[in-house]
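Participant: run.tsv is reproduced below (TSV, C-alpha atoms and all ligand atoms).
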chain	number	residue	atom	x	y	z
A	1	MET	CA	35.54	59.66	1.65
A	2	GLN	CA	37.97	57.71	3.82
A	3	ASN	CA	36.83	55.70	6.77
A	4	GLU	CA	39.43	56.91	9.29
A	5	ASN	CA	36.71	58.36	11.48
A	6	ILE	CA	34.13	55.66	11.06
A	7	GLN	CA	35.33	53.42	13.88
A	8	LYS	CA	35.34	56.39	16.27
A	9	LEU	CA	31.87	57.38	15.01
A	10	HIS	CA	30.65	53.83	15.52
A	11	ASN	CA	32.01	53.72	19.10
A	12	LEU	CA	30.51	57.08	20.01
A	13	ILE	CA	27.08	56.08	18.68
A	14	GLN	CA	27.22	52.74	20.49
A	15	SER	CA	28.10	54.30	23.82
A	16	SER	CA	25.37	56.99	23.67
A	17	LYS	CA	21.71	56.69	24.54
A	18	ASN	CA	20.42	60.23	24.14
A	19	ILE	CA	21.49	61.92	20.95
A	20	VAL	CA	20.82	65.41	19.58
A	21	VAL	CA	21.14	66.32	15.89
A	22	ILE	CA	21.37	70.03	15.05
A	23	GLY	CA	21.24	71.93	11.77
A	24	HIS	CA	22.13	75.55	10.99
A	25	LYS	CA	20.07	78.72	11.35
A	26	ASN	CA	17.73	79.44	8.44
A	27	PRO	CA	17.77	75.75	7.56
A	28	ASP	CA	17.69	74.80	3.89
A	29	GLY	CA	16.78	71.53	2.16
A	30	ASP	CA	20.16	69.99	2.93
A	31	ALA	CA	20.10	70.96	6.63
A	32	VAL	CA	16.56	69.65	7.16
A	33	GLY	CA	17.03	66.60	4.89
A	34	SER	CA	20.37	65.48	6.32
A	35	CYS	CA	19.41	66.09	9.98
A	36	MET	CA	16.06	64.36	9.62
A	37	ALA	CA	17.61	61.39	7.80
A	38	TRP	CA	20.42	61.01	10.34
A	39	GLY	CA	17.94	61.38	13.22
A	40	LEU	CA	15.61	58.70	11.78
A	41	PHE	CA	18.59	56.42	11.16
A	42	LEU	CA	19.76	56.75	14.78
A	43	LYS	CA	16.19	56.08	15.94
A	44	HIS	CA	16.21	52.84	13.94
A	45	LEU	CA	19.34	51.94	15.94
A	46	LYS	CA	17.17	52.40	19.06
A	47	HIS	CA	18.60	55.67	20.35
A	48	ASN	CA	16.57	58.50	21.86
A	49	VAL	CA	16.98	61.22	19.28
A	50	SER	CA	16.03	64.91	19.17
A	51	VAL	CA	16.43	66.82	15.91
A	52	ILE	CA	16.77	70.56	16.54
A	53	MET	CA	16.67	73.48	14.09
A	54	PRO	CA	17.59	76.95	15.43
A	55	ASN	CA	14.60	78.61	13.72
A	56	PRO	CA	11.76	77.63	11.37
A	57	TYR	CA	12.48	76.14	7.95
A	58	PRO	CA	10.81	77.51	4.80
A	59	GLU	CA	7.30	76.48	3.83
A	60	PHE	CA	8.44	74.58	0.73
A	61	LEU	CA	9.84	71.93	3.09
A	62	ASN	CA	6.47	71.35	4.76
A	63	TRP	CA	6.14	67.92	3.16
A	64	VAL	CA	9.31	66.45	4.75
A	65	PRO	CA	8.46	63.13	6.44
A	66	ASN	CA	8.38	63.10	10.26
A	67	GLN	CA	8.91	66.85	10.48
A	68	ASP	CA	6.52	67.01	13.43
A	69	GLN	CA	9.42	65.50	15.39
A	70	ILE	CA	11.69	68.50	14.72
A	71	LEU	CA	12.20	70.85	17.66
A	72	ILE	CA	12.42	74.47	16.56
A	73	TYR	CA	14.67	76.18	19.10
A	74	SER	CA	13.24	79.70	18.64
A	75	ASP	CA	9.69	78.36	19.22
A	76	ASP	CA	10.33	75.83	21.99
A	77	LYS	CA	13.50	76.72	23.88
A	78	GLU	CA	12.52	74.79	26.95
A	79	ASN	CA	12.25	71.38	25.31
A	80	ALA	CA	15.23	72.01	23.05
A	81	GLN	CA	17.40	72.95	26.04
A	82	LYS	CA	16.16	69.90	27.95
A	83	ALA	CA	17.18	67.64	25.08
A	84	ILE	CA	20.61	69.30	24.86
A	85	LYS	CA	21.19	68.95	28.62
A	86	LYS	CA	20.21	65.28	28.52
A	87	ALA	CA	22.33	64.45	25.45
A	88	ASP	CA	25.28	62.04	25.59
A	89	LEU	CA	26.31	62.96	22.07
A	90	ILE	CA	25.64	65.92	19.78
A	91	PHE	CA	25.76	65.83	15.99
A	92	THR	CA	26.09	69.12	14.15
A	93	LEU	CA	25.19	68.77	10.47
A	94	ASP	CA	25.63	71.01	7.46
A	95	PHE	CA	27.67	73.74	9.16
A	96	ASN	CA	31.30	74.28	10.08
A	97	HIS	CA	31.23	76.70	13.03
A	98	LEU	CA	28.98	76.79	16.11
A	99	SER	CA	28.16	80.45	15.46
A	100	ARG	CA	26.01	79.22	12.52
A	101	VAL	CA	23.25	78.15	14.96
A	102	GLY	CA	22.74	81.71	16.26
A	103	GLU	CA	23.96	83.37	19.41
A	104	GLU	CA	21.53	81.94	21.95
A	105	LEU	CA	21.67	78.31	20.87
A	106	GLN	CA	25.44	78.60	20.53
A	107	LYS	CA	25.61	79.60	24.21
A	108	ALA	CA	23.59	76.52	25.19
A	109	LEU	CA	25.96	74.37	23.12
A	110	ASP	CA	29.08	76.02	24.58
A	111	GLU	CA	28.04	74.70	28.00
A	112	VAL	CA	27.82	71.09	26.82
A	113	GLU	CA	30.65	68.86	28.01
A	114	LYS	CA	29.66	65.81	25.97
A	115	PRO	CA	31.29	64.98	22.63
A	116	PHE	CA	30.31	66.62	19.35
A	117	VAL	CA	30.46	65.07	15.90
A	118	MET	CA	30.45	67.29	12.81
A	119	ILE	CA	29.21	66.00	9.47
A	120	ASP	CA	29.59	68.81	6.96
A	121	HIS	CA	30.74	69.95	3.53
A	122	HIS	CA	31.75	73.58	4.14
A	123	GLU	CA	35.35	74.80	3.86
A	124	GLN	CA	37.50	75.49	6.93
A	125	PRO	CA	35.79	73.52	9.71
A	126	ASP	CA	36.21	74.74	13.27
A	127	ASP	CA	37.74	72.34	15.81
A	128	TYR	CA	34.98	71.77	18.41
A	129	ALA	CA	34.15	68.23	17.29
A	130	GLU	CA	35.66	65.02	18.64
A	131	VAL	CA	34.97	63.44	15.28
A	132	CYS	CA	35.04	65.83	12.33
A	133	ILE	CA	33.69	64.38	9.10
A	134	SER	CA	34.29	67.43	6.92
A	135	HIS	CA	34.40	67.03	3.15
A	136	PRO	CA	34.09	70.25	1.14
A	137	GLU	CA	34.42	68.27	-2.09
A	138	TYR	CA	30.95	66.82	-1.45
A	139	GLY	CA	27.95	68.61	-2.92
A	140	SER	CA	25.75	68.11	0.12
A	141	THR	CA	25.77	66.97	3.72
A	142	ALA	CA	23.02	64.51	2.80
A	143	GLU	CA	25.43	62.72	0.44
A	144	LEU	CA	27.95	62.51	3.29
A	145	VAL	CA	25.27	61.14	5.62
A	146	PHE	CA	24.61	58.40	3.07
A	147	GLU	CA	28.35	57.60	2.95
A	148	CYS	CA	28.48	57.39	6.76
A	149	ILE	CA	25.52	54.98	6.87
A	150	ASP	CA	27.16	52.98	4.07
A	151	LEU	CA	30.56	52.82	5.80
A	152	LEU	CA	28.84	51.80	9.04
A	153	ASN	CA	27.35	48.90	6.99
A	154	PHE	CA	23.80	49.90	7.79
A	155	THR	CA	22.27	50.72	4.39
A	156	GLU	CA	19.52	48.17	5.16
A	157	LYS	CA	18.25	50.69	7.74
A	158	ILE	CA	17.46	53.22	4.98
A	159	ASP	CA	13.70	53.20	4.55
A	160	LYS	CA	11.50	55.35	2.33
A	161	ASP	CA	11.48	58.30	4.77
A	162	ILE	CA	15.26	58.37	5.22
A	163	ALA	CA	15.75	57.94	1.46
A	164	SER	CA	13.36	60.84	0.74
A	165	CYS	CA	15.14	63.13	3.21
A	166	LEU	CA	18.57	62.30	1.78
A	167	TYR	CA	17.30	62.76	-1.78
A	168	LEU	CA	15.93	66.17	-0.80
A	169	GLY	CA	19.29	67.28	0.65
A	170	ILE	CA	21.29	66.09	-2.36
A	171	MET	CA	18.79	67.52	-4.85
A	172	THR	CA	18.60	70.99	-3.29
A	173	ASP	CA	22.33	71.44	-2.63
A	174	THR	CA	23.38	70.27	-6.11
A	175	GLY	CA	20.78	72.51	-7.81
A	176	SER	CA	18.99	69.35	-9.00
A	177	PHE	CA	22.24	67.57	-9.92
A	178	LYS	CA	23.54	70.55	-11.88
A	179	PHE	CA	26.43	72.04	-9.88
A	180	SER	CA	30.04	70.95	-10.46
A	181	SER	CA	30.10	69.11	-7.13
A	182	THR	CA	27.74	66.53	-8.69
A	183	THR	CA	29.73	63.34	-9.39
A	184	ALA	CA	29.05	59.86	-10.72
A	185	ARG	CA	28.87	58.81	-7.07
A	186	THR	CA	26.17	61.45	-6.43
A	187	HIS	CA	24.04	59.89	-9.15
A	188	GLN	CA	24.76	56.37	-7.89
A	189	ILE	CA	23.64	57.38	-4.41
A	190	ALA	CA	20.52	59.08	-5.82
A	191	ALA	CA	19.72	55.85	-7.69
A	192	LYS	CA	20.10	53.82	-4.49
A	193	LEU	CA	17.78	56.23	-2.69
A	194	ILE	CA	15.18	55.82	-5.44
A	195	ASP	CA	15.54	52.03	-5.02
A	196	LYS	CA	14.87	52.53	-1.31
A	197	GLY	CA	11.61	54.33	-2.02
A	198	ALA	CA	12.40	58.01	-2.67
A	199	VAL	CA	10.02	59.20	-5.42
A	200	ALA	CA	12.22	61.66	-7.32
A	201	HIS	CA	9.57	63.50	-9.35
A	202	GLN	CA	7.36	63.90	-6.28
A	203	ILE	CA	10.21	65.34	-4.21
A	204	GLN	CA	11.06	67.76	-7.04
A	205	GLN	CA	7.43	68.82	-7.36
A	206	GLN	CA	6.73	69.16	-3.66
A	207	THR	CA	9.88	71.24	-3.17
A	208	PHE	CA	10.03	73.40	-6.28
A	209	ASP	CA	6.43	73.70	-7.48
A	210	ALA	CA	5.29	75.18	-4.21
A	211	ASN	CA	5.30	78.85	-5.16
A	212	SER	CA	2.84	81.34	-3.76
A	213	TYR	CA	1.57	83.99	-6.17
A	214	SER	CA	3.26	86.70	-4.08
A	215	ARG	CA	6.61	84.90	-4.33
A	216	LEU	CA	6.42	84.97	-8.12
A	217	LYS	CA	5.55	88.68	-8.01
A	218	LEU	CA	8.59	89.20	-5.76
A	219	LEU	CA	10.68	87.37	-8.35
A	220	GLY	CA	9.29	89.81	-10.92
A	221	GLN	CA	10.47	92.72	-8.76
A	222	ALA	CA	13.88	91.06	-8.33
A	223	MET	CA	14.21	90.72	-12.12
A	224	GLN	CA	13.27	94.41	-12.50
A	225	ASN	CA	16.10	95.21	-10.10
A	226	LEU	CA	18.67	92.97	-11.80
A	227	GLU	CA	21.86	94.86	-12.68
A	228	TYR	CA	24.37	93.56	-15.22
A	229	LEU	CA	28.00	94.74	-15.36
A	230	GLU	CA	28.84	93.33	-18.75
A	231	ASP	CA	32.54	94.20	-18.87
A	232	LEU	CA	33.16	92.45	-15.54
A	233	GLY	CA	30.83	89.48	-15.98
A	234	VAL	CA	28.90	90.33	-12.82
A	235	ALA	CA	25.14	90.46	-12.19
A	236	TYR	CA	23.38	91.41	-8.99
A	237	ILE	CA	19.91	91.86	-7.56
A	238	HIS	CA	18.79	94.07	-4.71
A	239	LEU	CA	15.58	93.97	-2.72
A	240	SER	CA	14.72	96.67	-0.19
A	241	GLN	CA	12.63	95.97	2.91
A	242	LYS	CA	9.85	97.99	1.33
A	243	GLU	CA	9.83	95.76	-1.75
A	244	LEU	CA	10.02	92.61	0.36
A	245	ASP	CA	7.06	93.81	2.45
A	246	LYS	CA	5.05	94.74	-0.63
A	247	TYR	CA	5.17	91.13	-1.83
A	248	ASN	CA	4.57	89.61	1.59
A	249	PHE	CA	8.11	88.14	1.86
A	250	LYS	CA	8.42	84.98	3.89
A	251	LYS	CA	11.55	83.04	4.79
A	252	GLY	CA	12.78	81.04	1.83
A	253	ASP	CA	10.94	83.17	-0.75
A	254	THR	CA	14.15	84.49	-2.33
A	255	GLU	CA	15.79	81.05	-2.42
A	256	GLY	CA	17.26	80.57	-5.90
A	257	PHE	CA	16.77	84.20	-7.09
A	258	VAL	CA	20.52	84.74	-7.22
A	259	ASN	CA	20.86	81.96	-9.80
A	260	TYR	CA	19.01	84.06	-12.41
A	261	GLY	CA	21.92	86.49	-12.42
A	262	LEU	CA	24.33	83.61	-12.83
A	263	SER	CA	22.34	82.27	-15.77
A	264	ILE	CA	23.41	85.23	-17.96
A	265	LYS	CA	25.85	83.82	-20.48
A	266	ASN	CA	29.13	85.44	-19.53
A	267	VAL	CA	28.45	86.07	-15.88
A	268	ALA	CA	31.01	84.54	-13.49
A	269	LEU	CA	29.72	86.17	-10.31
A	270	ALA	CA	26.17	86.84	-9.16
A	271	ALA	CA	24.87	88.31	-5.93
A	272	ILE	CA	21.62	89.21	-4.22
A	273	PHE	CA	21.39	91.92	-1.54
A	274	LYS	CA	18.40	91.80	0.79
A	275	GLU	CA	17.65	94.53	3.26
A	276	ASP	CA	16.64	93.27	6.73
A	277	VAL	CA	15.46	96.23	8.78
A	278	GLN	CA	14.69	94.14	11.85
A	279	GLN	CA	18.24	92.80	12.14
A	280	ASN	CA	19.63	96.04	10.77
A	281	ILE	CA	21.75	94.23	8.20
A	282	VAL	CA	21.90	93.51	4.51
A	283	LYS	CA	21.97	89.76	3.91
A	284	ILE	CA	23.95	88.73	0.86
A	285	SER	CA	24.14	85.56	-1.22
A	286	PHE	CA	26.92	85.00	-3.74
A	287	ARG	CA	27.14	82.45	-6.53
A	288	SER	CA	29.90	81.92	-9.08
A	289	LYS	CA	30.86	79.80	-12.04
A	290	GLY	CA	34.17	78.00	-12.57
A	291	ASN	CA	37.19	79.10	-10.58
A	292	PHE	CA	35.89	82.34	-9.12
A	293	ASP	CA	35.93	81.85	-5.35
A	294	VAL	CA	32.99	83.49	-3.58
A	295	ASN	CA	33.90	81.86	-0.26
A	296	GLN	CA	37.00	84.10	-0.17
A	297	LEU	CA	35.05	87.17	-1.30
A	298	ALA	CA	32.41	86.64	1.42
A	299	ARG	CA	35.02	85.93	4.08
A	300	HIS	CA	37.26	88.90	3.28
A	301	HIS	CA	34.64	91.58	2.76
A	302	PHE	CA	31.22	90.52	4.08
A	303	GLU	CA	31.71	88.60	7.37
A	304	GLY	CA	30.62	85.36	5.76
A	305	GLY	CA	31.79	82.26	3.97
A	306	GLY	CA	30.51	79.09	2.38
A	307	HIS	CA	31.86	77.26	-0.64
A	308	LYS	CA	33.86	78.24	-3.70
A	309	ASN	CA	30.75	78.60	-5.89
A	310	ALA	CA	28.09	79.41	-3.26
A	311	ALA	CA	28.60	81.61	-0.24
A	312	GLY	CA	26.85	84.17	1.87
A	313	GLY	CA	27.56	87.06	4.16
A	314	LYS	CA	26.18	90.25	5.62
A	315	SER	CA	26.81	93.95	5.91
A	316	GLU	CA	25.86	96.50	8.52
A	317	LEU	CA	25.95	99.34	6.00
A	318	SER	CA	22.77	100.56	4.30
A	319	LEU	CA	21.55	98.69	1.23
A	320	ASP	CA	22.91	101.38	-1.09
A	321	ALA	CA	26.25	101.61	0.69
A	322	THR	CA	26.62	97.81	0.68
A	323	ILE	CA	26.06	97.67	-3.06
A	324	LYS	CA	28.51	100.57	-3.59
A	325	LYS	CA	31.10	98.70	-1.55
A	326	PHE	CA	30.53	95.52	-3.60
A	327	VAL	CA	30.80	97.34	-6.92
A	328	SER	CA	33.93	99.20	-5.81
A	329	LEU	CA	35.65	95.91	-4.94
A	330	LEU	CA	35.06	94.41	-8.37
A	331	PRO	CA	37.87	96.05	-10.39
A	332	ASP	CA	40.40	94.29	-8.11
A	333	TYR	CA	38.83	90.98	-9.13
A	334	LYS	CA	38.65	91.77	-12.85
A	335	THR	CA	41.42	89.35	-13.85
A	336	GLN	CA	39.96	86.53	-11.76
A	337	LEU	CA	36.48	87.22	-13.10
A	338	HIS	CA	37.70	87.08	-16.70
A	339	ALA	CA	39.75	83.94	-16.03
A	340	ALA	CA	36.89	82.13	-14.27
A	341	PHE	CA	36.06	80.07	-17.33
B	1	LIG	P1	22.88	80.93	0.76
B	1	LIG	O1	23.36	81.99	-0.14
B	1	LIG	O2	22.10	79.89	0.02
B	1	LIG	O3	22.22	81.43	1.99
B	1	LIG	O4	24.19	80.19	1.28
B	1	LIG	C1	25.14	79.67	0.40
B	1	LIG	C2	26.20	78.96	1.19
B	1	LIG	O5	26.92	79.92	1.96
B	1	LIG	C3	25.66	77.95	2.17
B	1	LIG	O6	26.53	76.86	2.17
B	1	LIG	C4	25.68	78.66	3.48
B	1	LIG	O7	25.88	77.77	4.53
B	1	LIG	C5	26.83	79.64	3.35
B	1	LIG	N1	26.52	80.90	4.04
B	1	LIG	C6	25.46	81.72	3.81
B	1	LIG	N2	25.50	82.79	4.61
B	1	LIG	C7	26.61	82.66	5.38
B	1	LIG	C8	27.19	83.45	6.42
B	1	LIG	O8	26.71	84.51	6.80
B	1	LIG	N3	28.34	82.98	6.96
B	1	LIG	C9	28.92	81.81	6.54
B	1	LIG	N4	30.06	81.43	7.13
B	1	LIG	N5	28.41	81.06	5.58
B	1	LIG	C10	27.27	81.46	5.00
B	2	MN	MN	24.55	71.88	2.64
In structure tokens, how does this file's structure come out?
Ligand code: 5GP
Ligand code: MN
Facilitator:
Amino acid sequence: MQNENIQKLHNLIQSSKNIVVIGHKNPDGDAVGSCMAWGLFLKHLKHNVSVIMPNPYPEFLNWVPNQDQILIYSDDKENAQKAIKKADLIFTLDFNHLSRVGEELQKALDEVEKPFVMIDHHEQPDDYAEVCISHPEYGSTAELVFECIDLLNFTEKIDKDIASCLYLGIMTDTGSFKFSSTTARTHQIAAKLIDKGAVAHQIQQQTFDANSYSRLKLLGQAMQNLEYLEDLGVAYIHLSQKELDKYNFKKGDTEGFVNYGLSIKNVALAAIFKEDVQQNIVKISFRSKGNFDVNQLARHHFEGGGHKNAAGGKSELSLDATIKKFVSLLPDYKTQLHAAF
């Protein structure tokens, strides 16, 4: 990461009193971890800080330090809107386009005339931010947040809580230091965070060993529904609303399911299709190995995006029709799928 933006970032922080930090809708470990860490850091610099999430985060993040300070927009619009109106500076973390906060919160943000700063690792950032710290080569926004604090020469402000939040973000977005975006620097940063008080095994346990019985039964159903297209190197899972309801589906319950498809030896592309009757869509997650680009696939065919090896999207067709569409697209990708690794 270069420091071309750091002076500007420094000046903006210095000249702002009230600061808002916002993550994306359906926040994951990296969104919650990076926003909370950045918010706590700015508080240590004596700013008034509000951390806002568009909607609730999954239960497996219930241990995150200081989470009682997070404003959930969908639950407390009044206070969230107050904080946004009062803000001198707005940080948007872990997303690349304002639409990722949801329609209503996006409207509130569209009215803001104060500067925005983006800190993010998704491809193709939009241009709303005065300072845009966008690095798709990074495995997580949390790692970028660490780099920002480091370049601002403030690593002494990283306490146990900030370190734990950053460790969470890095750990979840690198698949526990497994994905190809994990570098020597990632490990060095993780080591520094452990030195600052993050207890790695505890964070792993609190985050990943937090299954409910019904979630494991849902995983069982997902595995029953796993389809494998051997000649293409593609695996996919589908879950209907009826199946989700049967196993008492809660937000975050299907997190990681898609990776089981990807764990089949010669699979280059895996997907999960989840029916959402309330929103009248099918929500899709894509994962890939090697050079197969699911960001492009999601962008071109499923109104989505993300990264080369992890992306998401949606479809307004029925669950069956969405899967048919997906399967019918695959022959065009056969060469790329076979050349992925
Ligand atoms: P997940 O499959 O875990 O929900 O998301 C994987 C990656 O794709 C994340 O980086 C996420 O931000 C991105 N992503 C997921 N769904 C969408 C979507 O509908 N639109 C866009 N642009 N990105 C998405
Ligand atoms: Mn992320």
Participant: Give as a ChimeraX atom specification each residue that has an atom at most 12 Å from (31.8, 96.0, -4.9) in the file, counting all atoms listed in the file.
Facilitator: /A:229,232,234-236,269-271,273,297-298,301-302,320-334
Participant: May I have the residues within 7 Å of ligand LIG 1 (chain B), computed using all atoms listed in the file, as a list in words?
Facilitator: Phe95, His122, Glu255, Ile284, Ser285, Phe286, Glu303, Gly304, Gly305, Gly306, His307, Ala310, Ala311, Gly312, Gly313 and Lys314 of chain A
Participant: Could you produce a table of the residues of chain A lying within 6 Å of ligand MN 2 (chain B), with the nearest pair of atoms per residue and their separation in Å rounded to one decimal, using all atoms listed in the file, ordered by chain and increasing residue number, as CSV?
Facilitator:
residue,atom,partner,partner_atom,distance
A:Asp30,CA,B:MN2,MN,4.8
A:Asp94,CA,B:MN2,MN,5.0
A:Ser140,CA,B:MN2,MN,4.7
A:Thr141,CA,B:MN2,MN,5.2
A:Asp173,CA,B:MN2,MN,5.7
Participant: Just to confirm, what's the straight-line distance from atom CA of Asn48 of chain A to atom CA of Pro27 of chain A in Å (one decimal)?
Facilitator: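 Computing it gives 22.4 Å between the two atoms.
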Participant: Kindly indicate which residue among A:Ser34, A:Gln81, A:Gln106, A:Gln278 lies nearest to Asp120 of chain A, using only C-alpha atoms for the distances.
Facilitator: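 Closest residue, counting only C-alpha atoms: A:Ser34.
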Participant: So which one's closest to Leu98 of chain A, A:Met36, A:Leu151, A:Val145, A:Ile22? Using all atoms listed in the file, please.
Facilitator: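 Once distances to Leu98 of chain A are computed over all atoms listed in the file, the minimum belongs to A:Ile22.
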Participant: Select, from A:His338, A:Lys308, A:Lys246, A:Lys17, the residue with the minimum atom-to-atom distance to Val267 of chain A, counting only C-alpha atoms.
Facilitator: A:His338
Participant: Hey, what's within 8 Å of Ile19 of chain A if we count all atoms listed in the file and toss same-chain stuff fewer than 4 positions away? As a CSV table (one decimal) with C-alpha atoms, keeping the file's coordinate frame, please?
Facilitator:
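File selection_14.csv, as written:
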chain,number,residue,atom,x,y,z
A,47,HIS,CA,18.6,55.7,20.4
A,48,ASN,CA,16.6,58.5,21.9
A,49,VAL,CA,17.0,61.2,19.3
A,50,SER,CA,16.0,64.9,19.2
A,87,ALA,CA,22.3,64.4,25.4
A,88,ASP,CA,25.3,62.0,25.6
A,89,LEU,CA,26.3,63.0,22.1
A,90,ILE,CA,25.6,65.9,19.8
A,91,PHE,CA,25.8,65.8,16.0
Participant: Record the distance separating atom CA of Gly256 of chain A and atom CA of Gly175 of chain A, expressed in Å with one decimal.
Facilitator: 9.0 Å
Participant: Mind giving me the straight-line distance from atom CA of Gln296 of chain A to atom CA of Leu337 of chain A in Å, one decimal?
Facilitator: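 It comes out at 13.3 Å.
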Participant: Out of A:Ser240, A:Thr92, A:Asn309, A:Asn66, which residue has the shortest atom-to-atom distance to Lys274 of chain A when counting only C-alpha atoms?
Facilitator: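 Between A:Ser240, A:Thr92, A:Asn309, A:Asn66, the residue approaching Lys274 of chain A most closely is A:Ser240.
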Participant: From the options A:Leu109, A:Gln14, A:Asn295, A:Ala37, which residue's atoms come nearest to Lys157 of chain A, counting all atoms listed in the file?
Facilitator: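 Closest to Lys157 of chain A, using all atoms listed in the file: A:Ala37.
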Participant: At a cut-off of 12 Å, using all atoms listed in the file, what residues contact Ile133 of chain A? Leave out same-chain residues fewer than 6 positions from it and give the result as a PyMOL selection string.
Facilitator: chain A and resi 1-6+8-9+91-96+116-127+141+144-145+147-148
Participant: I need the residue nearest Val64 of chain A from this list: A:Gln241, A:Ser315, A:Gln206, A:Thr254. Use only C-alpha atoms for the distance.
Facilitator: A:Gln206
Participant: Extract, using only C-alpha atoms, all DNA, RNA and protein residues at most 6 Å from Gly169 of chain A, discarding same-chain residues fewer than 4 positions from it, and format them as number ranges by chain.
Facilitator: A: 29-30, 33, 142
Participant: Extract, using only C-alpha atoms, all DNA, RNA and protein residues at most 10 Å from Phe177 of chain A, discarding same-chain residues fewer than 5 positions from it, and format them as a list in words.
Facilitator: Gly139, Ile170, Met171, Thr172, Thr182, Thr183, Thr186, His187 and Ala190 of chain A
Participant: At a cut-off of 12 Å, using only C-alpha atoms, what residues contact Asp76 of chain A? Leave out same-chain residues fewer than 5 positions from it and give the result as a list of chain:residue names.
Facilitator: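 Non-adjacent residues within range: A:Ile52, A:Met53, A:Pro54, A:Asn55, A:Pro56, A:Ile70, A:Leu71, A:Gln81, A:Lys82, A:Ala83, A:Leu105.
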Participant: Counting all atoms listed in the file, which residues have an atom no more than 12 Å from (4.4, 81.3, 6.4) in the file's coordinates? Please list them as an MDAnalysis selection string.
Facilitator: chainID A and resid 56:62 211:212 214:215 248:253
